[in-house]
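Okay, model_36.cif now, which holds mmCIF, C-alpha atoms:
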data_target
#
loop_
_atom_site.group_PDB
_atom_site.id
_atom_site.type_symbol
_atom_site.label_atom_id
_atom_site.label_comp_id
_atom_site.auth_asym_id
_atom_site.auth_seq_id
_atom_site.Cartn_x
_atom_site.Cartn_y
_atom_site.Cartn_z
ATOM 1 C CA MET T 141 8.351 23.785 -4.397
ATOM 2 C CA ARG T 142 7.865 22.465 -0.868
ATOM 3 C CA ALA T 143 8.789 18.837 -0.363
ATOM 4 C CA ILE T 144 9.950 16.289 2.166
ATOM 5 C CA ILE T 145 13.533 15.312 1.359
ATOM 6 C CA TYR T 146 16.051 12.864 2.785
ATOM 7 C CA ASN T 147 19.722 12.501 1.881
ATOM 8 C CA GLU T 148 20.644 9.373 3.819
ATOM 9 C CA PHE T 149 19.036 6.247 5.222
ATOM 10 C CA GLY T 150 17.825 6.277 8.796
ATOM 11 C CA GLY T 151 14.965 6.998 11.152
ATOM 12 C CA ALA T 152 12.295 9.635 10.751
ATOM 13 C CA GLU T 153 14.817 12.269 11.794
ATOM 14 C CA VAL T 154 16.429 12.123 8.313
ATOM 15 C CA LEU T 155 13.246 13.590 6.775
ATOM 16 C CA HIS T 156 13.421 17.342 6.212
ATOM 17 C CA HIS T 157 10.675 19.746 5.185
ATOM 18 C CA GLY T 158 12.321 22.022 2.655
ATOM 19 C CA HIS T 159 12.331 23.228 -0.918
ATOM 20 C CA THR T 160 13.515 21.664 -4.141
ATOM 21 C CA ASP T 161 13.152 22.332 -7.849
ATOM 22 C CA LYS T 162 9.776 21.708 -9.420
ATOM 23 C CA PRO T 163 10.106 18.722 -11.806
ATOM 24 C CA GLU T 164 9.596 19.429 -15.497
ATOM 25 C CA PRO T 165 7.700 16.866 -17.602
ATOM 26 C CA ALA T 166 9.709 15.230 -20.364
ATOM 27 C CA PRO T 167 8.049 14.180 -23.640
ATOM 28 C CA GLY T 168 5.193 11.808 -22.846
ATOM 29 C CA GLU T 169 5.126 12.757 -19.167
ATOM 30 C CA VAL T 170 2.497 14.487 -17.023
ATOM 31 C CA ARG T 171 3.188 16.752 -14.065
ATOM 32 C CA VAL T 172 0.604 16.846 -11.314
ATOM 33 C CA LYS T 173 -0.152 19.229 -8.479
ATOM 34 C CA VAL T 174 -0.432 16.934 -5.483
ATOM 35 C CA VAL T 175 -3.435 17.400 -3.179
ATOM 36 C CA THR T 176 -3.274 14.291 -0.969
ATOM 37 C CA VAL T 177 -0.706 11.550 -0.390
ATOM 38 C CA GLY T 178 -1.133 8.053 0.982
ATOM 39 C CA VAL T 179 1.395 6.994 3.630
ATOM 40 C CA ASN T 180 2.536 3.382 3.338
ATOM 41 C CA PRO T 181 4.800 1.073 5.381
ATOM 42 C CA LEU T 182 6.992 0.900 2.301
ATOM 43 C CA ASP T 183 7.780 4.592 2.795
ATOM 44 C CA TYR T 184 9.643 4.017 6.059
ATOM 45 C CA LYS T 185 11.174 0.756 4.838
ATOM 46 C CA ARG T 186 12.667 2.631 1.879
ATOM 47 C CA ARG T 187 13.829 5.403 4.226
ATOM 48 C CA TYR T 188 15.764 2.826 6.251
ATOM 49 C CA GLY T 189 17.218 1.254 3.105
ATOM 50 C CA TRP T 190 15.646 -2.103 3.901
ATOM 51 C CA VAL T 191 14.223 -2.759 0.440
ATOM 52 C CA GLU T 192 17.002 -1.506 -1.835
ATOM 53 C CA GLN T 193 17.031 -4.799 -3.726
ATOM 54 C CA PHE T 194 13.476 -4.077 -4.835
ATOM 55 C CA TYR T 195 13.296 -0.256 -4.774
ATOM 56 C CA PRO T 196 16.737 1.356 -5.258
ATOM 57 C CA THR T 197 17.090 4.910 -3.946
ATOM 58 C CA THR T 198 18.817 7.908 -5.511
ATOM 59 C CA PHE T 199 19.605 10.802 -3.147
ATOM 60 C CA PRO T 200 18.267 13.360 -2.541
ATOM 61 C CA ALA T 201 15.036 11.390 -2.334
ATOM 62 C CA VAL T 202 11.417 12.437 -1.946
ATOM 63 C CA PRO T 203 9.287 9.711 -0.331
ATOM 64 C CA GLY T 204 5.822 8.614 -1.341
ATOM 65 C CA LEU T 205 4.292 6.427 -4.015
ATOM 66 C CA GLU T 206 0.625 7.334 -4.293
ATOM 67 C CA PHE T 207 -1.280 10.575 -4.628
ATOM 68 C CA ALA T 208 -4.445 12.292 -5.740
ATOM 69 C CA GLY T 209 -4.321 15.688 -7.415
ATOM 70 C CA THR T 210 -4.733 17.622 -10.654
ATOM 71 C CA VAL T 211 -2.840 17.648 -13.924
ATOM 72 C CA ASP T 212 -0.596 20.715 -13.906
ATOM 73 C CA ALA T 213 1.583 20.469 -17.030
ATOM 74 C CA LEU T 214 1.925 18.206 -20.058
ATOM 75 C CA GLY T 215 5.062 16.979 -21.737
ATOM 76 C CA GLU T 216 5.356 16.977 -25.500
ATOM 77 C CA GLY T 217 3.084 14.460 -27.189
ATOM 78 C CA VAL T 218 0.627 13.973 -24.318
ATOM 79 C CA SER T 219 -2.935 14.055 -25.616
ATOM 80 C CA GLU T 220 -4.981 11.878 -23.244
ATOM 81 C CA TRP T 221 -4.877 14.403 -20.385
ATOM 82 C CA ALA T 222 -5.626 18.106 -20.038
ATOM 83 C CA VAL T 223 -4.436 20.619 -17.475
ATOM 84 C CA GLY T 224 -6.925 20.642 -14.605
ATOM 85 C CA ASP T 225 -7.966 16.991 -14.911
ATOM 86 C CA GLU T 226 -8.435 15.358 -11.512
ATOM 87 C CA VAL T 227 -6.400 12.154 -11.324
ATOM 88 C CA PHE T 228 -4.917 9.681 -8.869
ATOM 89 C CA GLY T 229 -2.339 6.944 -8.956
ATOM 90 C CA TRP T 230 1.443 6.727 -8.635
ATOM 91 C CA THR T 231 4.292 9.191 -8.989
ATOM 92 C CA ARG T 232 7.757 8.705 -10.460
ATOM 93 C CA THR T 233 9.430 11.470 -8.450
ATOM 94 C CA GLY T 234 7.943 11.115 -4.962
ATOM 95 C CA ALA T 235 4.540 12.152 -3.672
ATOM 96 C CA TYR T 236 5.528 14.084 -0.517
ATOM 97 C CA ALA T 237 5.794 17.280 -2.559
ATOM 98 C CA GLU T 238 3.688 20.026 -4.071
ATOM 99 C CA TYR T 239 4.351 18.753 -7.598
ATOM 100 C CA ALA T 240 5.371 15.389 -9.030
ATOM 101 C CA ILE T 241 5.788 13.576 -12.313
ATOM 102 C CA ALA T 242 2.988 11.070 -12.663
ATOM 103 C CA GLY T 243 3.450 7.368 -13.149
ATOM 104 C CA ASP T 244 0.377 5.243 -13.815
ATOM 105 C CA ILE T 245 -2.703 7.400 -13.274
ATOM 106 C CA VAL T 246 -6.437 7.244 -13.908
ATOM 107 C CA ALA T 247 -9.219 9.810 -13.783
ATOM 108 C CA LYS T 248 -10.591 10.489 -10.318
ATOM 109 C CA PRO T 249 -14.370 10.133 -10.210
ATOM 110 C CA ALA T 250 -16.010 13.377 -9.116
ATOM 111 C CA GLU T 251 -17.834 11.458 -6.361
ATOM 112 C CA LEU T 252 -14.524 10.353 -4.824
ATOM 113 C CA SER T 253 -12.773 12.798 -2.500
ATOM 114 C CA PHE T 254 -9.067 13.455 -2.931
ATOM 115 C CA ALA T 255 -8.413 11.889 0.488
ATOM 116 C CA VAL T 256 -10.269 8.686 -0.325
ATOM 117 C CA ALA T 257 -8.704 8.496 -3.792
ATOM 118 C CA ALA T 258 -5.235 8.566 -2.234
ATOM 119 C CA THR T 259 -6.057 5.475 -0.156
ATOM 120 C CA LEU T 260 -6.507 3.240 -3.193
ATOM 121 C CA PRO T 261 -3.475 2.969 -5.518
ATOM 122 C CA VAL T 262 -0.948 1.064 -3.415
ATOM 123 C CA ALA T 263 -3.413 -0.924 -1.312
ATOM 124 C CA GLY T 264 -5.607 -1.799 -4.277
ATOM 125 C CA GLU T 265 -2.847 -2.799 -6.678
ATOM 126 C CA THR T 266 -0.931 -4.729 -4.015
ATOM 127 C CA ALA T 267 -3.955 -6.615 -2.735
ATOM 128 C CA GLN T 268 -5.123 -7.615 -6.214
ATOM 129 C CA ARG T 269 -1.614 -8.565 -7.351
ATOM 130 C CA VAL T 270 -1.019 -10.893 -4.398
ATOM 131 C CA LEU T 271 -4.451 -12.507 -4.606
ATOM 132 C CA ASP T 272 -3.760 -13.165 -8.296
ATOM 133 C CA GLN T 273 -0.337 -14.643 -7.470
ATOM 134 C CA LEU T 274 -1.959 -16.912 -4.905
ATOM 135 C CA GLY T 275 -4.617 -17.986 -7.392
ATOM 136 C CA LEU T 276 -7.295 -17.626 -4.752
ATOM 137 C CA LYS T 277 -10.641 -19.092 -5.778
ATOM 138 C CA GLU T 278 -14.195 -19.304 -4.565
ATOM 139 C CA GLY T 279 -14.624 -21.710 -1.663
ATOM 140 C CA GLU T 280 -10.985 -21.543 -0.533
ATOM 141 C CA THR T 281 -9.651 -20.286 2.798
ATOM 142 C CA LEU T 282 -7.108 -17.481 2.950
ATOM 143 C CA LEU T 283 -4.977 -16.658 5.984
ATOM 144 C CA LEU T 284 -4.245 -12.934 5.890
ATOM 145 C CA HIS T 285 -1.636 -11.547 8.282
ATOM 146 C CA GLY T 286 -2.146 -7.854 8.998
ATOM 147 C CA ALA T 287 -5.783 -7.815 7.941
ATOM 148 C CA ALA T 288 -6.600 -4.470 9.564
ATOM 149 C CA GLY T 289 -3.979 -2.471 7.661
ATOM 150 C CA ALA T 290 -4.833 -0.655 4.450
ATOM 151 C CA VAL T 291 -3.610 -3.444 2.141
ATOM 152 C CA GLY T 292 -5.177 -6.063 4.385
ATOM 153 C CA GLN T 293 -8.558 -4.353 4.368
ATOM 154 C CA VAL T 294 -8.681 -4.209 0.577
ATOM 155 C CA ALA T 295 -7.512 -7.808 0.334
ATOM 156 C CA VAL T 296 -10.241 -8.934 2.740
ATOM 157 C CA GLN T 297 -12.934 -7.209 0.697
ATOM 158 C CA LEU T 298 -11.647 -8.513 -2.644
ATOM 159 C CA ALA T 299 -11.224 -12.066 -1.315
ATOM 160 C CA VAL T 300 -14.675 -12.121 0.271
ATOM 161 C CA ALA T 301 -16.117 -10.853 -3.021
ATOM 162 C CA LEU T 302 -14.464 -13.861 -4.706
ATOM 163 C CA GLY T 303 -16.348 -16.158 -2.346
ATOM 164 C CA ALA T 304 -13.346 -17.085 -0.197
ATOM 165 C CA THR T 305 -13.212 -17.433 3.583
ATOM 166 C CA VAL T 306 -10.699 -15.011 5.111
ATOM 167 C CA ILE T 307 -9.005 -15.656 8.446
ATOM 168 C CA GLY T 308 -7.498 -12.286 9.372
ATOM 169 C CA THR T 309 -4.884 -11.733 12.065
ATOM 170 C CA ALA T 310 -5.171 -8.459 13.960
ATOM 171 C CA SER T 311 -5.188 -7.020 17.450
ATOM 172 C CA PRO T 312 -8.432 -7.661 19.369
ATOM 173 C CA ALA T 313 -9.337 -3.975 19.083
ATOM 174 C CA ASN T 314 -9.776 -4.483 15.337
ATOM 175 C CA HIS T 315 -11.790 -7.698 15.441
ATOM 176 C CA ASP T 316 -15.268 -6.181 15.303
ATOM 177 C CA PHE T 317 -14.171 -3.981 12.413
ATOM 178 C CA LEU T 318 -12.824 -6.971 10.467
ATOM 179 C CA ARG T 319 -16.095 -8.815 10.976
ATOM 180 C CA THR T 320 -17.891 -5.929 9.242
ATOM 181 C CA LEU T 321 -15.646 -6.564 6.220
ATOM 182 C CA GLY T 322 -16.516 -10.252 6.210
ATOM 183 C CA ALA T 323 -13.331 -11.685 7.756
ATOM 184 C CA VAL T 324 -12.995 -14.156 10.637
ATOM 185 C CA PRO T 325 -10.573 -12.362 13.001
ATOM 186 C CA VAL T 326 -7.949 -14.041 15.158
ATOM 187 C CA ALA T 327 -5.494 -12.399 17.543
ATOM 188 C CA TYR T 328 -1.824 -12.611 16.658
ATOM 189 C CA GLY T 329 0.811 -13.578 19.219
ATOM 190 C CA ASP T 330 1.526 -16.768 21.175
ATOM 191 C CA GLY T 331 -0.866 -19.564 20.294
ATOM 192 C CA LEU T 332 -1.771 -18.116 16.891
ATOM 193 C CA ALA T 333 -1.445 -21.453 15.108
ATOM 194 C CA ASP T 334 -3.974 -23.075 17.424
ATOM 195 C CA ARG T 335 -6.384 -20.166 17.023
ATOM 196 C CA VAL T 336 -6.127 -20.352 13.222
ATOM 197 C CA ARG T 337 -6.764 -24.102 13.253
ATOM 198 C CA ALA T 338 -9.802 -23.583 15.464
ATOM 199 C CA ALA T 339 -11.154 -20.876 13.160
ATOM 200 C CA ALA T 340 -10.404 -22.869 10.010
ATOM 201 C CA PRO T 341 -10.677 -26.602 10.713
ATOM 202 C CA GLN T 342 -10.941 -27.084 6.948
ATOM 203 C CA GLY T 343 -7.317 -25.970 6.633
ATOM 204 C CA ILE T 344 -5.571 -23.035 4.972
ATOM 205 C CA ASP T 345 -5.343 -22.958 1.182
ATOM 206 C CA ALA T 346 -3.236 -19.801 0.805
ATOM 207 C CA VAL T 347 -1.421 -17.228 2.944
ATOM 208 C CA PHE T 348 -1.035 -13.491 2.310
ATOM 209 C CA ASP T 349 1.497 -11.929 4.674
ATOM 210 C CA ALA T 350 0.926 -8.172 4.871
ATOM 211 C CA ALA T 351 2.388 -7.878 8.368
ATOM 212 C CA GLY T 352 5.862 -9.401 8.548
ATOM 213 C CA HIS T 353 6.887 -9.927 12.189
ATOM 214 C CA ASP T 354 8.114 -13.505 11.598
ATOM 215 C CA ALA T 355 4.779 -14.715 10.250
ATOM 216 C CA LEU T 356 6.339 -16.941 7.578
ATOM 217 C CA PRO T 357 7.506 -19.945 9.664
ATOM 218 C CA LEU T 358 4.053 -20.240 11.205
ATOM 219 C CA SER T 359 2.444 -19.820 7.795
ATOM 220 C CA ILE T 360 4.518 -22.660 6.380
ATOM 221 C CA GLU T 361 3.486 -24.814 9.342
ATOM 222 C CA LEU T 362 -0.191 -24.036 8.756
ATOM 223 C CA ARG T 363 0.207 -24.925 5.077
ATOM 224 C CA GLY T 364 1.400 -28.383 6.109
ATOM 225 C CA GLY T 365 5.105 -27.664 5.707
ATOM 226 C CA THR T 366 4.977 -26.378 2.138
ATOM 227 C CA THR T 367 5.875 -22.881 0.919
ATOM 228 C CA GLU T 368 3.444 -23.170 -1.981
ATOM 229 C CA ARG T 369 0.742 -20.491 -2.167
ATOM 230 C CA ILE T 370 2.373 -18.234 0.430
ATOM 231 C CA VAL T 371 3.293 -14.677 -0.566
ATOM 232 C CA THR T 372 4.648 -11.829 1.542
ATOM 233 C CA ILE T 373 4.844 -8.103 0.961
ATOM 234 C CA ALA T 374 6.307 -7.397 4.387
ATOM 235 C CA ASP T 375 9.139 -9.829 5.232
ATOM 236 C CA THR T 376 12.353 -9.031 3.356
ATOM 237 C CA ARG T 377 13.823 -12.333 4.592
ATOM 238 C CA ALA T 378 11.326 -14.207 2.457
ATOM 239 C CA GLU T 379 14.059 -15.757 0.302
ATOM 240 C CA GLU T 380 15.499 -17.510 3.360
ATOM 241 C CA TYR T 381 12.203 -19.372 3.697
ATOM 242 C CA GLY T 382 11.701 -19.985 -0.017
ATOM 243 C CA VAL T 383 8.667 -17.687 -0.093
ATOM 244 C CA PRO T 384 8.075 -15.117 -2.852
ATOM 245 C CA PHE T 385 8.343 -11.438 -1.908
ATOM 246 C CA SER T 386 5.864 -9.568 -4.063
ATOM 247 C CA ALA T 387 7.092 -6.134 -5.113
ATOM 248 C CA GLY T 388 5.285 -5.210 -8.303
ATOM 249 C CA GLY T 389 5.596 -6.401 -11.863
ATOM 250 C CA THR T 390 1.962 -5.930 -12.891
ATOM 251 C CA PRO T 391 1.734 -4.600 -16.493
ATOM 252 C CA PRO T 392 0.858 -0.874 -16.518
ATOM 253 C CA GLU T 393 -2.373 -1.378 -18.447
ATOM 254 C CA ALA T 394 -3.536 -3.927 -15.866
ATOM 255 C CA VAL T 395 -2.563 -1.575 -13.026
ATOM 256 C CA ARG T 396 -4.634 1.233 -14.526
ATOM 257 C CA ALA T 397 -7.594 -1.024 -15.271
ATOM 258 C CA GLY T 398 -7.562 -2.397 -11.750
ATOM 259 C CA LEU T 399 -7.365 1.050 -10.182
ATOM 260 C CA ALA T 400 -10.250 2.340 -12.291
ATOM 261 C CA ALA T 401 -12.335 -0.701 -11.322
ATOM 262 C CA GLN T 402 -11.580 -0.217 -7.630
ATOM 263 C CA ALA T 403 -12.486 3.466 -7.883
ATOM 264 C CA ARG T 404 -15.895 2.440 -9.228
ATOM 265 C CA LEU T 405 -16.320 -0.003 -6.351
ATOM 266 C CA ALA T 406 -15.417 2.741 -3.889
ATOM 267 C CA VAL T 407 -17.967 5.120 -5.421
ATOM 268 C CA GLU T 408 -20.596 2.358 -5.175
ATOM 269 C CA GLY T 409 -19.735 1.769 -1.511
ATOM 270 C CA ARG T 410 -18.467 -1.745 -2.180
ATOM 271 C CA LEU T 411 -14.805 -1.051 -1.350
ATOM 272 C CA ALA T 412 -13.619 1.193 1.451
ATOM 273 C CA VAL T 413 -10.361 2.052 3.171
ATOM 274 C CA PRO T 414 -11.143 4.476 5.995
ATOM 275 C CA VAL T 415 -8.865 7.462 6.488
ATOM 276 C CA ALA T 416 -7.351 6.987 9.938
ATOM 277 C CA GLU T 417 -5.694 10.400 10.289
ATOM 278 C CA THR T 418 -4.487 13.293 8.144
ATOM 279 C CA PHE T 419 -1.293 15.339 8.503
ATOM 280 C CA PRO T 420 0.080 18.483 6.886
ATOM 281 C CA LEU T 421 3.190 18.030 4.739
ATOM 282 C CA ALA T 422 5.415 19.521 7.440
ATOM 283 C CA GLU T 423 4.397 16.661 9.788
ATOM 284 C CA ALA T 424 5.255 13.848 7.371
ATOM 285 C CA ALA T 425 7.865 12.465 9.781
ATOM 286 C CA LYS T 426 5.170 12.123 12.449
ATOM 287 C CA ALA T 427 2.949 10.266 9.955
ATOM 288 C CA GLN T 428 5.759 7.840 9.122
ATOM 289 C CA GLU T 429 6.501 7.257 12.806
ATOM 290 C CA LEU T 430 2.844 6.379 13.398
ATOM 291 C CA SER T 431 2.895 4.056 10.385
ATOM 292 C CA GLU T 432 6.060 2.382 11.646
ATOM 293 C CA ALA T 433 4.573 1.874 15.114
ATOM 294 C CA GLY T 434 1.813 -0.218 13.523
ATOM 295 C CA HIS T 435 -1.762 -0.779 14.690
ATOM 296 C CA VAL T 436 -3.164 1.872 12.339
ATOM 297 C CA ARG T 437 -6.653 0.983 11.157
ATOM 298 C CA GLY T 438 -7.025 2.336 7.675
ATOM 299 C CA LYS T 439 -4.893 4.886 5.884
ATOM 300 C CA LEU T 440 -2.725 7.781 6.986
ATOM 301 C CA ILE T 441 -3.035 10.731 4.614
ATOM 302 C CA ILE T 442 -0.825 13.768 4.065
ATOM 303 C CA GLU T 443 -2.528 16.895 2.769
ATOM 304 C CA ILE T 444 -0.339 19.253 0.747
#
Would you kindly transcribe this structure into structure tokens?
Amino acid sequence: MRAIIYNEFGGAEVLHHGHTDKPEPAPGEVRVKVVTVGVNPLDYKRRYGWVEQFYPTTFPAVPGLEFAGTVDALGEGVSEWAVGDEVFGWTRTGAYAEYAIAGDIVAKPAELSFAVAATLPVAGETAQRVLDQLGLKEGETLLLHGAAGAVGQVAVQLAVALGATVIGTASPANHDFLRTLGAVPVAYGDGLADRVRAAAPQGIDAVFDAAGHDALPLSIELRGGTTERIVTIADTRAEEYGVPFSAGGTPPEAVRAGLAAQARLAVEGRLAVPVAETFPLAEAAKAQELSEAGHVRGKLIIEI
């Protein structure tokens, strides 16, 4: 099968478009034919070897966590799925490939395109997990770094639905867009603390760092010097600051239930992550370079 493969850590140049063996489903496993893949910042961070303590790599490696596609083969004992079922979720063997072994998956609603379905698993699970860790409640104020990214957009929509006020950092070009999601946008960069205080004179109750870029010291300052109720998914130096780095741990049944619920919201038009750009599999390195450069509004998608 065609796949993107890398055999060492490094820049996008280590990614190669080639061929590898099609994975065979073991008992209890499901193989899927991948149609679309969501590109995430974690993909390039894993490629560099920056997050080995959370996501260890075995070479040769196929990147990619989330996909939408169809069930292609069933391992012994699988009865809840049938060949041809349209599904989306996570893979165990890497999504930048024609075929993959599925991880947690749910049925794809017929009304949801494969491209849109591939925007939801990582962003949806991550956003919900961190908001749960923060214990965000109605009436509270959340500072969200990186609000215009895919995870940030979902987090804004879920937090606003809770009845929280969201102060979202982003480049000025994304401010009008964030307002349509219900966030109060502020520009990052020098003077950010003052801009946040002006936008939220009531103070900040919790901080969700989806951006990195040394946002944690400022976040601690804005929380009055405490590290309580600050969570990052982007700064691997979090431990130095005494801040939790969130990297999974949600029970599989909760992951699947959350993804199914978010799919329903997407079908109803109440949750959206726009597709920023699509790439063929052979241009996966270009997609990762664009992701690494930042400033992408929405989701980058690879079509197999």
Nearest to T:Ala201, chosen from T:His156, T:Arg171, T:Arg437, T:Arg319, with only C-alpha atoms counted in the distances: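 For T:Ala201, the nearest of the candidates is T:His156.
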Stretch 223-233 of chain T environment, 9 Å, only C-alpha atoms, sequence neighbours closer than 6 positions dropped, as a PyMOL selection string: chain T and resi 163+172+201-214+239-250+254+257-258+260-262+396+399
Ground truth for the PyMOL selection byres ((chain T and resi 178) around 7), written as an MDAnalysis selection string: chainID T and resid 176:177 179:180 206:207 258:259 439:442
Proximity to T:Leu298 - best of T:Val326, T:Val347, T:Leu405, T:Ala310, all atoms listed in the file: T:Leu405
Nearest residue to T:Ala255 from the set T:Pro414, T:Gly364, T:Val291, T:Glu429 (distances using all atoms listed in the file):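 Of T:Pro414, T:Gly364, T:Val291, T:Glu429, the one nearest T:Ala255 is T:Pro414, counting all atoms listed in the file.
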T:Leu302 environment, 7 Å, only C-alpha atoms, sequence neighbours closer than 3 positions dropped, as a list of chain:residue names: T:Lys277, T:Glu278, T:Leu298, T:Ala299
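We find atom CA of T:Ala422 and atom CA of T:His157 to be spaced 5.7 Å apart.
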Emit as JSON the padded axis-aligned box for all listed atoms of stretch 338-355 of chain T, 8 Å per side, with centre and edge lengths in Å to one decimal.
{"center_x": -1.5, "center_y": -17.5, "center_z": 8.1, "size_x": 35.3, "size_y": 35.2, "size_z": 30.7}
